[in-house]
Amino acid sequence: MVASTHAQRFVIAVILDAIDAAKEFFNEQNIPFNQAQYSALIEFIDPTRQPTVH
């Protein structure tokens with residue numbers, strides 16, 4: 001997987017999924033969760049990536 005040309009896209013997809021799951025969990029627990037702050041990690045990994053709506 002590390003040598004795959006798709007590895008970066010896979011990692012980004014996993015991170016985005018984890019952020020979505022965390023947002024849902026923390027909202028259910030009434031705990032503040034700054035989704036935008038965590039989503040900014042994606043820009044750090046790939047500055048050319050455009051945000052998408054999930």
# chains A, B, ... in the order shown; residues from 1 in each chain; ligands from 1
>>> residues_around(residues="segment 7-24 of chain A", least_positions_apart="5", cutoff="7 Å", atoms="only C-alpha atoms", output="MDAnalysis selection string")
chainID A and resid 1:2 33 35 38 42
>>> select_by_dssp(residues="chain A", states="helix (DSSP H, G or I)", output="PyMOL selection string")
chain A and resi 7-28+35-45
>>> atom_distance(atom1="atom CA of Gln29 of chain A", atom2="atom CA of Glu43 of chain A")
27.7 Å
>>> atom_distance(atom1="atom CA of Phe44 of chain A", atom2="atom CA of Thr5 of chain A")
18.6 Å
>>> atom_distance(atom1="atom CA of Gln37 of chain A", atom2="atom CA of His6 of chain A")
24.8 Å
>>> decode(residues="chain A", atoms="C-alpha atoms", output="short mmCIF file (atom, residue, chain, number, x, y, z; two decimals), in the first residue's frame")
data_model
loop_
_atom_site.label_atom_id
_atom_site.label_comp_id
_atom_site.auth_asym_id
_atom_site.auth_seq_id
_atom_site.Cartn_x
_atom_site.Cartn_y
_atom_site.Cartn_z
CA MET A 1 0.00 0.00 0.00
CA VAL A 2 2.84 2.40 0.80
CA ALA A 3 4.13 2.22 -2.77
CA SER A 4 0.67 2.56 -4.30
CA THR A 5 -0.13 5.67 -6.29
CA HIS A 6 -3.46 5.71 -4.45
CA ALA A 7 -2.02 5.64 -0.91
CA GLN A 8 -2.45 9.37 -0.29
CA ARG A 9 -6.08 9.34 -1.45
CA PHE A 10 -6.75 6.33 0.79
CA VAL A 11 -5.21 8.01 3.84
CA ILE A 12 -7.18 11.20 3.20
CA ALA A 13 -10.42 9.22 2.85
CA VAL A 14 -9.76 7.42 6.14
CA ILE A 15 -9.03 10.69 7.95
CA LEU A 16 -12.18 12.33 6.56
CA ASP A 17 -14.23 9.33 7.63
CA ALA A 18 -12.73 9.47 11.12
CA ILE A 19 -13.49 13.19 11.38
CA ASP A 20 -17.11 12.60 10.33
CA ALA A 21 -17.49 9.79 12.87
CA ALA A 22 -15.92 11.90 15.62
CA LYS A 23 -18.23 14.81 14.85
CA GLU A 24 -21.27 12.55 15.12
CA PHE A 25 -20.04 10.93 18.33
CA PHE A 26 -19.15 14.18 20.06
CA ASN A 27 -22.41 15.80 18.99
CA GLU A 28 -24.33 12.88 20.53
CA GLN A 29 -22.35 13.36 23.75
CA ASN A 30 -22.88 17.15 23.70
CA ILE A 31 -19.14 17.71 23.57
CA PRO A 32 -17.81 20.54 21.39
CA PHE A 33 -15.93 19.34 18.32
CA ASN A 34 -14.25 21.71 15.89
CA GLN A 35 -14.60 19.81 12.62
CA ALA A 36 -13.01 22.62 10.60
CA GLN A 37 -9.86 22.47 12.71
CA TYR A 38 -9.44 18.75 12.11
CA SER A 39 -10.36 19.03 8.46
CA ALA A 40 -7.49 21.50 8.08
CA LEU A 41 -5.17 18.50 8.49
CA ILE A 42 -6.17 17.46 4.99
CA GLU A 43 -4.86 20.75 3.59
CA PHE A 44 -1.58 20.06 5.40
CA ILE A 45 -1.33 16.63 3.76
CA ASP A 46 -2.39 17.83 0.30
CA PRO A 47 -2.52 21.62 -0.17
CA THR A 48 -3.89 21.19 -3.72
CA ARG A 49 -6.95 19.23 -2.59
CA GLN A 50 -10.27 21.04 -2.84
CA PRO A 51 -12.78 20.54 -0.01
CA THR A 52 -15.69 18.25 -0.87
CA VAL A 53 -19.12 17.84 0.63
CA HIS A 54 -19.66 14.41 2.20
#
